[in-house]
>>> print(open('model-v2.txt').read())   # compact mmCIF, C-alpha atoms and all ligand atoms
# COMPACT_ATOMS: atom_id res chain seq x y z
CA MET A 1 -4.20 28.83 0.14
CA SER A 2 -1.51 28.86 2.80
CA SER A 3 1.66 27.20 1.57
CA THR A 4 2.71 26.08 5.03
CA ALA A 5 -0.44 24.41 6.31
CA SER A 6 0.11 20.67 6.08
CA ALA A 7 -3.67 20.30 5.87
CA ALA A 8 -3.21 21.58 2.32
CA TYR A 9 -2.01 18.07 1.44
CA PRO A 10 -4.08 14.93 1.69
CA LEU A 11 -1.03 13.26 3.25
CA PRO A 12 -1.09 14.46 6.86
CA SER A 13 2.63 14.16 7.60
CA LEU A 14 3.70 16.13 4.50
CA SER A 15 4.72 19.75 5.00
CA ASP A 16 6.66 22.55 3.35
CA GLY A 17 10.14 23.01 4.79
CA PRO A 18 13.17 25.15 3.97
CA ALA A 19 14.55 22.37 1.76
CA GLY A 20 11.23 21.81 0.01
CA LEU A 21 8.60 19.22 0.84
CA MET A 22 9.25 17.15 3.96
CA LEU A 23 7.65 13.86 4.92
CA GLU A 24 7.70 13.74 8.72
CA GLU A 25 11.22 15.07 9.43
CA VAL A 26 12.85 14.09 6.16
CA PRO A 27 13.17 16.28 3.04
CA LEU A 28 11.95 14.41 -0.05
CA ALA A 29 14.94 15.81 -1.98
CA THR A 30 17.26 13.92 0.38
CA LEU A 31 15.40 10.69 -0.33
CA ALA A 32 15.70 11.23 -4.08
CA GLU A 33 19.46 11.82 -3.72
CA ARG A 34 19.92 8.75 -1.61
CA PHE A 35 17.62 6.24 -3.29
CA GLY A 36 17.09 7.64 -6.77
CA THR A 37 13.75 7.98 -8.54
CA PRO A 38 11.08 6.86 -9.09
CA THR A 39 10.61 5.86 -5.45
CA TYR A 40 7.51 5.19 -3.40
CA VAL A 41 7.75 6.90 -0.02
CA TYR A 42 5.55 6.00 2.95
CA SER A 43 5.06 7.64 6.33
CA ARG A 44 4.96 5.34 9.33
CA ALA A 45 3.21 8.07 11.34
CA ALA A 46 0.46 8.32 8.72
CA LEU A 47 0.00 4.53 8.56
CA THR A 48 -0.17 4.35 12.33
CA ALA A 49 -2.59 7.26 12.63
CA ALA A 50 -4.89 5.72 10.03
CA PHE A 51 -4.94 2.37 11.81
CA ARG A 52 -5.48 4.00 15.19
CA ASP A 53 -8.53 5.81 13.77
CA TRP A 54 -10.14 2.44 13.08
CA GLN A 55 -9.13 1.05 16.47
CA ALA A 56 -10.48 4.11 18.27
CA ALA A 57 -13.79 4.05 16.40
CA LEU A 58 -14.26 0.39 17.39
CA ALA A 59 -12.97 0.70 20.96
CA GLY A 60 -14.98 -1.27 23.50
CA ARG A 61 -16.39 -3.67 20.89
CA ARG A 62 -15.32 -7.17 20.08
CA SER A 63 -13.84 -6.29 16.71
CA LEU A 64 -11.03 -6.94 14.29
CA VAL A 65 -9.59 -4.68 11.61
CA CYS A 66 -8.14 -6.80 8.80
CA TYR A 67 -5.93 -4.70 6.57
CA ALA A 68 -6.60 -5.56 2.89
CA VAL A 69 -3.12 -6.54 1.77
CA LYS A 70 -3.73 -5.99 -1.93
CA ALA A 71 -3.76 -2.22 -1.40
CA ASN A 72 -0.06 -2.27 -0.46
CA ALA A 73 1.71 -5.54 0.21
CA ASN A 74 5.18 -4.27 1.12
CA LEU A 75 6.61 -6.19 4.08
CA GLY A 76 7.59 -2.96 5.83
CA VAL A 77 4.00 -1.70 5.58
CA LEU A 78 2.61 -5.07 6.73
CA SER A 79 5.02 -5.14 9.68
CA VAL A 80 3.79 -1.74 10.87
CA PHE A 81 0.20 -3.04 10.91
CA ALA A 82 1.22 -6.39 12.45
CA GLN A 83 2.88 -4.51 15.31
CA LEU A 84 -0.35 -2.57 15.86
CA GLY A 85 -2.29 -5.82 16.23
CA ALA A 86 -3.99 -5.81 12.84
CA GLY A 87 -5.62 -8.73 11.13
CA PHE A 88 -5.18 -9.12 7.39
CA ASP A 89 -7.52 -9.69 4.44
CA ILE A 90 -5.71 -11.64 1.73
CA VAL A 91 -6.68 -12.69 -1.79
CA SER A 92 -3.87 -15.14 -2.60
CA GLY A 93 -1.42 -17.61 -1.13
CA GLY A 94 1.30 -15.14 -2.02
CA GLU A 95 -0.28 -12.51 0.21
CA LEU A 96 -0.52 -15.05 3.03
CA ALA A 97 3.21 -15.74 2.72
CA ARG A 98 3.89 -12.01 2.90
CA VAL A 99 1.75 -11.56 6.02
CA ILE A 100 3.61 -14.35 7.79
CA ALA A 101 7.01 -13.07 6.63
CA ALA A 102 6.05 -9.66 8.03
CA GLY A 103 5.23 -11.08 11.47
CA GLY A 104 1.44 -11.04 11.03
CA ARG A 105 -0.65 -13.60 12.88
CA ALA A 106 -2.24 -16.30 10.72
CA ASP A 107 -5.12 -16.60 13.16
CA ARG A 108 -6.07 -13.03 12.25
CA VAL A 109 -6.10 -13.66 8.49
CA VAL A 110 -9.27 -13.81 6.41
CA PHE A 111 -8.99 -15.16 2.87
CA SER A 112 -11.19 -13.53 0.20
CA GLY A 113 -11.24 -14.05 -3.55
CA VAL A 114 -13.30 -15.89 -6.16
CA GLY A 115 -10.62 -18.27 -7.42
CA LYS A 116 -8.88 -19.95 -4.50
CA SER A 117 -6.86 -22.93 -5.72
CA ARG A 118 -6.52 -26.23 -3.85
CA ALA A 119 -2.89 -25.40 -3.13
CA GLU A 120 -3.89 -22.05 -1.64
CA MET A 121 -6.53 -23.74 0.50
CA ARG A 122 -3.98 -26.25 1.80
CA GLN A 123 -1.48 -23.48 2.50
CA ALA A 124 -4.07 -21.45 4.44
CA LEU A 125 -5.31 -24.48 6.40
CA ALA A 126 -1.75 -25.43 7.32
CA ALA A 127 -1.08 -21.87 8.49
CA GLY A 128 -4.26 -21.91 10.59
CA ILE A 129 -6.00 -18.84 9.20
CA ARG A 130 -9.00 -17.38 10.93
CA CYS A 131 -11.56 -17.67 8.14
CA PHE A 132 -12.15 -18.41 4.47
CA ASN A 133 -14.54 -15.94 2.90
CA VAL A 134 -16.18 -18.35 0.46
CA GLU A 135 -17.52 -16.79 -2.73
CA SER A 136 -19.38 -19.64 -4.49
CA ALA A 137 -21.06 -23.04 -4.08
CA PRO A 138 -18.29 -24.97 -5.86
CA GLU A 139 -15.68 -23.27 -3.66
CA LEU A 140 -17.59 -24.48 -0.59
CA GLU A 141 -17.51 -28.08 -1.85
CA ARG A 142 -13.84 -27.88 -2.77
CA LEU A 143 -12.86 -26.42 0.59
CA ASN A 144 -14.75 -29.19 2.39
CA GLU A 145 -12.82 -31.78 0.35
CA VAL A 146 -9.41 -30.20 0.87
CA ALA A 147 -9.97 -29.75 4.60
CA GLY A 148 -11.11 -33.38 4.81
CA GLU A 149 -7.90 -34.57 3.13
CA LEU A 150 -5.94 -32.73 5.81
CA GLY A 151 -8.17 -33.99 8.61
CA GLN A 152 -9.21 -30.43 9.46
CA ARG A 153 -12.34 -28.34 9.68
CA ALA A 154 -12.07 -25.14 7.69
CA PRO A 155 -13.57 -22.02 9.29
CA ILE A 156 -15.84 -20.29 6.79
CA ALA A 157 -17.93 -17.23 6.14
CA LEU A 158 -19.98 -16.78 3.01
CA ARG A 159 -19.28 -13.59 1.17
CA VAL A 160 -22.75 -12.46 0.24
CA ASN A 161 -23.58 -9.98 -2.43
CA PRO A 162 -26.19 -7.63 -1.00
CA ASP A 163 -26.96 -6.03 -4.39
CA VAL A 164 -26.63 -2.41 -3.35
CA ASP A 165 -25.13 0.27 -5.55
CA PRO A 166 -22.08 1.75 -3.84
CA LYS A 167 -22.12 4.76 -6.20
CA THR A 168 -18.47 4.49 -7.02
CA HIS A 169 -16.43 3.77 -10.17
CA PRO A 170 -17.92 0.77 -12.05
CA TYR A 171 -14.56 -1.06 -12.05
CA ILE A 172 -14.34 -0.91 -8.26
CA SER A 173 -17.94 -1.66 -7.33
CA THR A 174 -18.29 -5.26 -6.27
CA GLY A 175 -21.63 -5.67 -4.51
CA LEU A 176 -24.02 -5.53 -7.45
CA LYS A 177 -25.86 -8.60 -8.74
CA SER A 178 -24.13 -8.25 -12.06
CA ASN A 179 -20.58 -8.77 -10.87
CA LYS A 180 -18.48 -11.83 -10.16
CA PHE A 181 -17.98 -11.40 -6.43
CA GLY A 182 -19.75 -13.22 -3.64
CA VAL A 183 -22.85 -15.38 -3.39
CA ALA A 184 -26.18 -13.91 -4.53
CA PHE A 185 -28.09 -12.72 -1.50
CA GLY A 186 -31.11 -14.87 -2.35
CA GLU A 187 -28.97 -18.03 -2.48
CA ALA A 188 -27.06 -17.45 0.74
CA LEU A 189 -29.52 -19.10 3.11
CA GLU A 190 -29.59 -22.31 1.05
CA LEU A 191 -25.79 -22.34 0.87
CA TYR A 192 -25.42 -21.91 4.63
CA ARG A 193 -27.78 -24.87 5.09
CA ARG A 194 -25.58 -26.87 2.75
CA ALA A 195 -22.40 -25.75 4.59
CA ALA A 196 -23.93 -26.88 7.87
CA THR A 197 -24.11 -30.43 6.51
CA LEU A 198 -20.49 -30.57 5.33
CA PRO A 199 -18.32 -32.35 7.89
CA HIS A 200 -15.05 -30.55 7.24
CA LEU A 201 -16.37 -27.01 7.49
CA ARG A 202 -17.06 -24.92 10.56
CA ILE A 203 -19.41 -21.98 9.98
CA SER A 204 -17.85 -18.94 11.58
CA GLY A 205 -19.35 -15.83 10.06
CA ILE A 206 -20.61 -13.81 7.13
CA ALA A 207 -18.85 -11.27 4.95
CA CYS A 208 -19.69 -8.61 2.41
CA HIS A 209 -17.70 -5.97 0.56
CA ILE A 210 -19.62 -3.72 -1.80
CA GLY A 211 -16.96 -1.60 -3.46
CA SER A 212 -14.09 0.79 -3.05
CA GLN A 213 -13.50 4.53 -2.67
CA LEU A 214 -16.92 4.88 -1.00
CA LEU A 215 -17.64 8.45 0.04
CA ASP A 216 -21.13 7.91 1.38
CA PRO A 217 -21.80 5.61 4.34
CA ALA A 218 -25.42 5.01 3.29
CA PRO A 219 -24.90 2.10 0.83
CA VAL A 220 -22.75 0.23 3.37
CA ALA A 221 -25.37 0.77 6.05
CA GLU A 222 -27.98 -0.58 3.63
CA ALA A 223 -25.84 -3.64 2.94
CA ALA A 224 -25.23 -4.12 6.67
CA ALA A 225 -28.97 -4.04 7.39
CA LYS A 226 -29.53 -6.79 4.83
CA VAL A 227 -26.68 -8.85 6.25
CA LEU A 228 -27.95 -8.50 9.84
CA GLY A 229 -31.40 -9.63 8.70
CA LEU A 230 -29.87 -12.74 7.16
CA VAL A 231 -27.81 -13.44 10.30
CA ASP A 232 -31.01 -13.42 12.35
CA GLN A 233 -32.75 -15.71 9.88
CA LEU A 234 -29.84 -18.14 10.10
CA SER A 235 -29.83 -18.00 13.86
CA ALA A 236 -33.55 -18.91 13.89
CA GLU A 237 -32.55 -22.08 12.04
CA GLY A 238 -29.82 -22.88 14.52
CA ILE A 239 -26.96 -21.63 12.34
CA VAL A 240 -25.28 -19.26 14.74
CA LEU A 241 -22.53 -16.98 13.47
CA ASP A 242 -19.66 -15.64 15.51
CA HIS A 243 -18.52 -12.74 13.35
CA ILE A 244 -19.87 -10.25 10.83
CA ASP A 245 -17.37 -8.83 8.36
CA LEU A 246 -18.50 -5.66 6.62
CA GLY A 247 -15.57 -5.42 4.23
CA GLY A 248 -13.47 -2.46 3.23
CA GLY A 249 -14.15 0.37 0.86
CA LEU A 250 -13.92 3.62 2.79
CA GLY A 251 -12.70 6.30 0.38
CA ILE A 252 -9.98 8.90 0.74
CA ARG A 253 -9.36 12.42 -0.49
CA TYR A 254 -7.41 12.45 -3.74
CA ARG A 255 -8.51 15.88 -4.94
CA ASP A 256 -11.53 17.55 -3.39
CA GLU A 257 -13.48 14.55 -2.17
CA THR A 258 -14.79 14.80 1.36
CA PRO A 259 -14.86 11.23 2.66
CA PRO A 260 -16.41 10.69 6.08
CA SER A 261 -14.04 10.15 8.98
CA VAL A 262 -13.73 6.54 10.08
CA ALA A 263 -15.94 7.34 13.07
CA ALA A 264 -18.62 8.94 10.87
CA TYR A 265 -18.45 6.07 8.39
CA LEU A 266 -18.87 3.52 11.16
CA ALA A 267 -21.52 5.40 13.15
CA PRO A 268 -24.60 4.14 11.24
CA LEU A 269 -23.14 0.62 11.11
CA LEU A 270 -22.43 0.50 14.80
CA ALA A 271 -25.87 1.93 15.53
CA ALA A 272 -27.48 -0.83 13.45
CA PHE A 273 -25.24 -3.36 15.18
CA GLY A 274 -26.36 -2.21 18.62
CA ASP A 275 -25.27 -4.61 21.34
CA ARG A 276 -25.27 -7.72 19.19
CA ARG A 277 -22.98 -10.45 20.41
CA GLU A 278 -21.10 -11.17 17.15
CA GLU A 279 -17.64 -9.83 16.58
CA ILE A 280 -17.63 -7.00 14.02
CA CYS A 281 -14.86 -7.03 11.41
CA PHE A 282 -13.70 -4.73 8.64
CA GLU A 283 -11.28 -5.07 5.74
CA PRO A 284 -10.04 -1.55 4.99
CA GLY A 285 -7.26 -1.18 2.43
CA ARG A 286 -7.19 2.21 0.74
CA SER A 287 -8.21 4.18 3.83
CA LEU A 288 -5.25 2.77 5.78
CA VAL A 289 -2.49 3.33 3.23
CA GLY A 290 -3.68 5.58 0.39
CA ASN A 291 -2.77 8.86 1.99
CA ALA A 292 0.28 7.49 3.76
CA GLY A 293 2.33 7.28 0.59
CA LEU A 294 3.52 9.23 -2.43
CA LEU A 295 5.46 8.53 -5.59
CA LEU A 296 8.59 10.60 -5.94
CA THR A 297 9.70 11.20 -9.52
CA ARG A 298 12.12 13.45 -11.39
CA VAL A 299 11.53 15.51 -14.51
CA GLU A 300 13.60 14.15 -17.39
CA TYR A 301 12.48 16.67 -20.00
CA LEU A 302 10.17 19.59 -20.35
CA LYS A 303 8.73 19.58 -23.83
CA HIS A 304 6.78 22.57 -25.00
CA GLY A 305 4.42 21.54 -27.77
CA GLU A 306 2.12 23.66 -29.88
CA GLU A 307 -0.94 22.83 -27.87
CA LYS A 308 0.37 21.33 -24.68
CA ASN A 309 3.40 21.35 -22.46
CA PHE A 310 4.69 18.01 -21.32
CA ALA A 311 6.66 17.25 -18.21
CA ILE A 312 8.20 13.90 -19.04
CA VAL A 313 9.09 12.29 -15.73
CA ASP A 314 10.94 9.08 -14.83
CA ALA A 315 7.85 7.42 -13.32
CA ALA A 316 5.29 5.92 -15.67
CA MET A 317 2.06 3.97 -15.91
CA ASN A 318 3.98 0.81 -15.03
CA ASP A 319 4.80 2.40 -11.65
CA LEU A 320 1.42 4.05 -11.00
CA ALA A 321 -1.32 2.55 -13.15
CA ARG A 322 -4.37 4.25 -11.64
CA PRO A 323 -4.45 7.32 -13.91
CA ALA A 324 -4.18 5.20 -17.08
CA LEU A 325 -6.54 2.54 -15.72
CA TYR A 326 -9.31 4.55 -14.07
CA ASP A 327 -8.51 8.08 -15.17
CA ALA A 328 -7.73 8.55 -11.48
CA TYR A 329 -6.54 11.88 -10.10
CA HIS A 330 -3.33 12.18 -8.08
CA GLU A 331 -2.23 15.55 -6.77
CA ALA A 332 1.12 16.53 -8.36
CA VAL A 333 3.33 18.84 -6.32
CA ALA A 334 6.77 20.30 -7.10
CA VAL A 335 9.08 19.18 -4.31
CA CYS A 336 11.26 22.32 -4.28
CA ARG A 337 10.29 25.92 -4.90
CA SER A 338 11.45 27.17 -8.23
CA ASP A 339 11.65 30.53 -9.96
CA ALA A 340 10.65 28.79 -13.19
CA PRO A 341 7.51 30.20 -14.81
CA ARG A 342 4.30 28.45 -13.78
CA GLN A 343 2.86 26.57 -16.72
CA ARG A 344 0.24 23.97 -17.36
CA TYR A 345 1.71 20.52 -17.91
CA GLU A 346 0.67 17.07 -18.92
CA ILE A 347 2.74 14.90 -16.59
CA VAL A 348 3.65 11.81 -18.59
CA GLY A 349 6.05 8.90 -18.38
CA PRO A 350 8.53 7.44 -20.87
CA ILE A 351 6.37 4.46 -21.89
CA CYS A 352 5.39 3.97 -25.52
CA GLU A 353 1.63 4.33 -24.98
CA SER A 354 -0.51 7.44 -25.34
CA GLY A 355 -2.28 6.28 -22.18
CA ASP A 356 0.94 6.69 -20.23
CA PHE A 357 0.01 9.75 -18.23
CA LEU A 358 0.16 10.45 -14.53
CA ALA A 359 -1.63 13.78 -14.38
CA HIS A 360 -3.44 16.08 -16.83
CA ASP A 361 -3.23 19.82 -17.10
CA ARG A 362 -1.48 20.77 -13.85
CA GLU A 363 -0.05 24.20 -13.21
CA LEU A 364 3.49 23.81 -11.88
CA ALA A 365 6.76 25.75 -11.82
CA LEU A 366 9.29 23.24 -13.13
CA ARG A 367 12.73 22.93 -14.66
CA ASP A 368 14.50 19.86 -16.05
CA GLY A 369 15.71 17.72 -13.19
CA ASP A 370 13.14 18.97 -10.67
CA LEU A 371 11.36 16.54 -8.39
CA VAL A 372 7.61 16.00 -8.43
CA ALA A 373 5.60 14.15 -5.77
CA LEU A 374 2.44 12.34 -6.84
CA LEU A 375 0.33 12.20 -3.70
CA SER A 376 -2.20 9.67 -2.40
CA ALA A 377 -0.20 6.87 -4.02
CA GLY A 378 0.08 4.55 -1.02
CA ALA A 379 -2.83 2.32 -2.10
CA TYR A 380 -2.98 0.38 -5.38
CA GLY A 381 0.26 2.05 -6.46
CA MET A 382 3.18 -0.32 -6.07
CA THR A 383 0.88 -3.36 -5.91
CA MET A 384 -0.49 -2.63 -9.39
CA SER A 385 2.92 -1.86 -10.88
CA SER A 386 4.39 -3.91 -13.70
CA ASN A 387 7.60 -4.29 -15.65
CA TYR A 388 6.11 -3.08 -18.93
CA ASN A 389 8.84 -1.77 -21.23
CA THR A 390 11.36 -3.72 -19.10
CA ARG A 391 11.25 -1.04 -16.50
CA PRO A 392 12.56 -2.21 -13.11
CA ARG A 393 10.09 -1.51 -10.35
CA ALA A 394 10.60 1.50 -8.12
CA ALA A 395 12.30 1.41 -4.73
CA GLU A 396 10.10 1.79 -1.63
CA VAL A 397 11.13 3.76 1.42
CA MET A 398 9.51 4.18 4.84
CA VAL A 399 10.04 7.40 6.76
CA ASP A 400 9.73 7.14 10.54
CA GLY A 401 10.30 10.48 12.25
CA GLY A 402 13.81 11.44 11.20
CA GLN A 403 14.69 7.88 10.25
CA VAL A 404 14.54 6.33 6.82
CA HIS A 405 14.20 2.63 6.00
CA LEU A 406 14.62 1.18 2.54
CA VAL A 407 11.72 -1.31 2.57
CA ARG A 408 12.20 -2.53 -0.99
CA GLU A 409 15.26 -2.18 -3.16
CA ARG A 410 14.90 -0.90 -6.68
CA GLU A 411 14.72 -3.84 -9.05
CA THR A 412 17.62 -4.48 -11.39
CA VAL A 413 17.18 -5.16 -15.08
CA GLU A 414 19.10 -8.45 -14.71
CA ALA A 415 16.59 -9.63 -12.11
CA LEU A 416 13.78 -9.01 -14.58
CA TYR A 417 15.02 -11.62 -17.04
CA ALA A 418 16.84 -13.90 -14.60
CA GLY A 419 14.22 -16.65 -15.09
CA GLU A 420 14.21 -16.47 -18.89
CA HIS A 421 16.09 -18.75 -21.27
CA LEU A 422 17.63 -18.55 -24.72
CA LEU A 423 16.86 -21.14 -27.37
CA PRO A 424 19.70 -23.51 -28.33
C1 LIG B 501 -10.17 -4.82 -2.21
C2 LIG B 501 -10.89 -5.41 -1.09
C3 LIG B 501 -10.90 -4.78 0.15
C4 LIG B 501 -10.25 -3.43 0.39
O1 LIG B 501 -10.92 -2.42 -0.29
P1 LIG B 501 -10.52 -0.88 -0.05
O2 LIG B 501 -11.43 -0.15 -0.95
O3 LIG B 501 -9.09 -0.75 -0.43
O4 LIG B 501 -10.76 -0.58 1.39
C5 LIG B 501 -11.54 -5.40 1.20
N1 LIG B 501 -12.17 -6.60 1.03
C6 LIG B 501 -12.18 -7.24 -0.15
C7 LIG B 501 -12.86 -8.54 -0.28
C8 LIG B 501 -11.55 -6.66 -1.25
O5 LIG B 501 -11.59 -7.28 -2.43
>>> encode(input="model-v2.txt", output="structure tokens")
Amino acid sequence: MSSTASAAYPLPSLSDGPAGLMLEEVPLATLAERFGTPTYVYSRAALTAAFRDWQAALAGRRSLVCYAVKANANLGVLSVFAQLGAGFDIVSGGELARVIAAGGRADRVVFSGVGKSRAEMRQALAAGIRCFNVESAPELERLNEVAGELGQRAPIALRVNPDVDPKTHPYISTGLKSNKFGVAFGEALELYRRAATLPHLRISGIACHIGSQLLDPAPVAEAAAKVLGLVDQLSAEGIVLDHIDLGGGLGIRYRDETPPSVAAYLAPLLAAFGDRREEICFEPGRSLVGNAGLLLTRVEYLKHGEEKNFAIVDAAMNDLARPALYDAYHEAVAVCRSDAPRQRYEIVGPICESGDFLAHDRELALRDGDLVALLSAGAYGMTMSSNYNTRPRAAEVMVDGGQVHLVRERETVEALYAGEHLLP
């Protein structure tokens, strides 16, 4: 494999330079010097390119791409998408506050999630969001009540559960009958009829989201066909929808996966959609940010055991939970060339859990103090981080050409217990 081809890396703006790995025009080693480690590093060019892929594939259609904030909620990241005209898919009042703080437009926000509180409903109504994606009958009743108290009509879509198997990891599949998300497909018609009678709701659309890290467009196309059938049935009853939201879920390359391009993923959906009049919406998260970010970490110790070699690094499962949680694979790359012998390492963190690993059995040339980049960490990395073991969360940095922006300061230990109190 060529060591200079940037296509070797799933992150398109990463390349090998004279000072080791570079993201856009900035050596990662410089970032580690300046900001310390562990640090999440994002590429504005990669975020922009990923968003433009969606825009281009939908060009000429009435459409909206709502970035799924839970994949990466950093204000710097959100502001990049806001400037590109994105909508946002949120799952909490906290995410709504972030979108607004980042300059996102409330009237392009859709609100998903099975457990919306009254306070979150009030917050979203006051902000004037575009649509509530309602996930149950009691949520529909509650939203009608809350909107009535505010003298408003809440725009709604029902999130239906089309019961198709997305053929992905069981923890990230959401469109099967057996899971907690959405309204059962067979109950949707009845629930729309009910919604049509509620005075403080305005029926706007329909939504579905069948799972994540999808590598095959077929299950989504199957779900879309079911949804379009339902839309036509509703229309025959005089319940006319204005938008159809087909969710997120497009997968990315972590290792050797070959996800479809955005255009190839959308092709069967757009073909099924034809020249329908409804607006078509999507809620991509991972495919917009996953391969626009990496986690930069430094080797604390190399420990050569009887059976295994360990590279103990300063990032851990609290920083990047996916390997411990899903046994997920992240490419691990040495940032600088080294004359150290190549050996197979377990890349592990300092946390007191055997599950605290970041990568298994990787051949790397490393010495103490070397930097390692864990790739494809832009999605569900920082947003799933915790303070386990009283570890302050990592800094986050955005590279933009030759410029570098600190988009989140490293947490301090004092800040972690600032809200705690001693007993008298
Ligand atoms: C998580 C989620 C998304 C984004 O999923 P990705 O796989 O990251 O694209 C979109 N919509 C809903 C409702 C979600 O829960």
>>> atom_distance(input="model-v2.txt", atom1="CA of His421 in chain A", atom2="CA of Thr390 in chain A")
15.9 Å
>>> closest_atom_pairs(input="model-v2.txt", of="range 213-257 of chain A", to="range 146-163 of chain A", cutoff="9 Å", atoms="all atoms listed in the file", output="JSON lines")
{"residue": "A:Glu222", "atom": "CA", "partner": "A:Pro162", "partner_atom": "CA", "distance": 8.6}
{"residue": "A:Ala223", "atom": "CA", "partner": "A:Pro162", "partner_atom": "CA", "distance": 5.6}
{"residue": "A:Ala224", "atom": "CA", "partner": "A:Pro162", "partner_atom": "CA", "distance": 8.5}
{"residue": "A:Lys226", "atom": "CA", "partner": "A:Pro162", "partner_atom": "CA", "distance": 6.8}
{"residue": "A:Val227", "atom": "CA", "partner": "A:Pro162", "partner_atom": "CA", "distance": 7.4}
{"residue": "A:Leu241", "atom": "CA", "partner": "A:Ala157", "partner_atom": "CA", "distance": 8.7}
{"residue": "A:His243", "atom": "CA", "partner": "A:Ala157", "partner_atom": "CA", "distance": 8.5}
{"residue": "A:Ile244", "atom": "CA", "partner": "A:Ala157", "partner_atom": "CA", "distance": 8.6}
{"residue": "A:Asp245", "atom": "CA", "partner": "A:Ala157", "partner_atom": "CA", "distance": 8.7}
>>> write_last_selection(input="model-v2.txt", atoms="C-alpha atoms", output="short mmCIF file (atom, residue, chain, number, x, y, z; two decimals), in the coordinates of the input")
data_model
loop_
_atom_site.label_atom_id
_atom_site.label_comp_id
_atom_site.auth_asym_id
_atom_site.auth_seq_id
_atom_site.Cartn_x
_atom_site.Cartn_y
_atom_site.Cartn_z
CA GLU A 222 -27.98 -0.58 3.63
CA ALA A 223 -25.84 -3.64 2.94
CA ALA A 224 -25.23 -4.12 6.67
CA LYS A 226 -29.53 -6.79 4.83
CA VAL A 227 -26.68 -8.85 6.25
CA LEU A 241 -22.53 -16.98 13.47
CA HIS A 243 -18.52 -12.74 13.35
CA ILE A 244 -19.87 -10.25 10.83
CA ASP A 245 -17.37 -8.83 8.36
#
>>> residues_around(input="model-v2.txt", residues="Gln213 in chain A", least_positions_apart="2", cutoff="7 Å", atoms="only C-alpha atoms", output="JSON list (two decimals) with C-alpha atoms, in the frame of the given file")
[["chain", "number", "residue", "atom", "x", "y", "z"],
["A", 168, "THR", "CA", -18.47, 4.49, -7.02],
["A", 215, "LEU", "CA", -17.64, 8.45, 0.04],
["A", 249, "GLY", "CA", -14.15, 0.37, 0.86],
["A", 250, "LEU", "CA", -13.92, 3.62, 2.79],
["A", 251, "GLY", "CA", -12.70, 6.30, 0.38],
["A", 252, "ILE", "CA", -9.98, 8.90, 0.74]]
>>> residues_near_ligand(input="model-v2.txt", ligand="ligand LIG 501 (chain B)", cutoff="6 Å", atoms="all atoms listed in the file", output="PyMOL selection string")
chain A and resi 68+71+112+209+212-213+247-250+283-287
>>> axis_aligned_box(input="model-v2.txt", around="range 395-413 of chain A", padding_each_side="6 Å", output="lines of an AutoDock Vina configuration file")
center_x = 13.6
center_y = 3.1
center_z = -1.4
size_x = 20.1
size_y = 28.6
size_z = 39.3
>>> atom_distance(input="model-v2.txt", atom1="CA of Ala102 in chain A", atom2="CA of Ala82 in chain A")
7.3 Å
>>> closest_residue(input="model-v2.txt", among="A:Ala379, A:Val289, A:Ala418, A:Ala221", to="Val80 in chain A", atoms="all atoms listed in the file")
A:Val289
>>> atom_distance(input="model-v2.txt", atom1="CA of Gly113 in chain A", atom2="CA of Tyr42 in chain A")
26.9 Å
>>> residues_around(input="model-v2.txt", residues="Leu371 in chain A", least_positions_apart="2", cutoff="9 Å", atoms="all atoms listed in the file", output="list in words")
Leu28, Ala29, Ala32, Thr37, Leu296, Thr297, Arg298, Val299, Val313, Val333, Ala334, Val335, Cys336, Leu366, Asp368, Gly369 and Ala373 of chain A
>>> closest_residue(input="model-v2.txt", among="A:Leu58, A:Val348, A:Leu11, A:Ile210", to="Ala271 in chain A", atoms="only C-alpha atoms")
A:Leu58
>>> residues_around(input="model-v2.txt", residues="range 179-183 of chain A", least_positions_apart="4", cutoff="12 Å", atoms="all atoms listed in the file", output="ChimeraX atom specification")
/A:112-115,133-140,157-165,170-175,187-192,206-211,247
>>> residues_near_point(input="model-v2.txt", point="(-8.3, -8.3, 8.6)", cutoff="7 Å", atoms="only C-alpha atoms", output="PDB file with C-alpha atoms, in the frame of the given file")
ATOM      1  CA  LEU A  64     -11.030  -6.940  14.290  1.00  0.00           C
ATOM      2  CA  VAL A  65      -9.590  -4.680  11.610  1.00  0.00           C
ATOM      3  CA  CYS A  66      -8.140  -6.800   8.800  1.00  0.00           C
ATOM      4  CA  TYR A  67      -5.930  -4.700   6.570  1.00  0.00           C
ATOM      5  CA  ALA A  68      -6.600  -5.560   2.890  1.00  0.00           C
ATOM      6  CA  ALA A  86      -3.990  -5.810  12.840  1.00  0.00           C
ATOM      7  CA  GLY A  87      -5.620  -8.730  11.130  1.00  0.00           C
ATOM      8  CA  PHE A  88      -5.180  -9.120   7.390  1.00  0.00           C
ATOM      9  CA  ASP A  89      -7.520  -9.690   4.440  1.00  0.00           C
ATOM     10  CA  ARG A 108      -6.070 -13.030  12.250  1.00  0.00           C
ATOM     11  CA  VAL A 109      -6.100 -13.660   8.490  1.00  0.00           C
ATOM     12  CA  VAL A 110      -9.270 -13.810   6.410  1.00  0.00           C
ATOM     13  CA  PHE A 282     -13.700  -4.730   8.640  1.00  0.00           C
ATOM     14  CA  GLU A 283     -11.280  -5.070   5.740  1.00  0.00           C
TER      15      GLU A 283
END
>>> closest_residue(input="model-v2.txt", among="A:Ala124, A:Ser79, A:Ala57, A:Asp370", to="Val407 in chain A", atoms="all atoms listed in the file")
A:Ser79
>>> residues_around(input="model-v2.txt", residues="Ser376 in chain A", least_positions_apart="6", cutoff="6 Å", atoms="only C-alpha atoms", output="PyMOL selection string")
chain A and resi 290-291+293-294
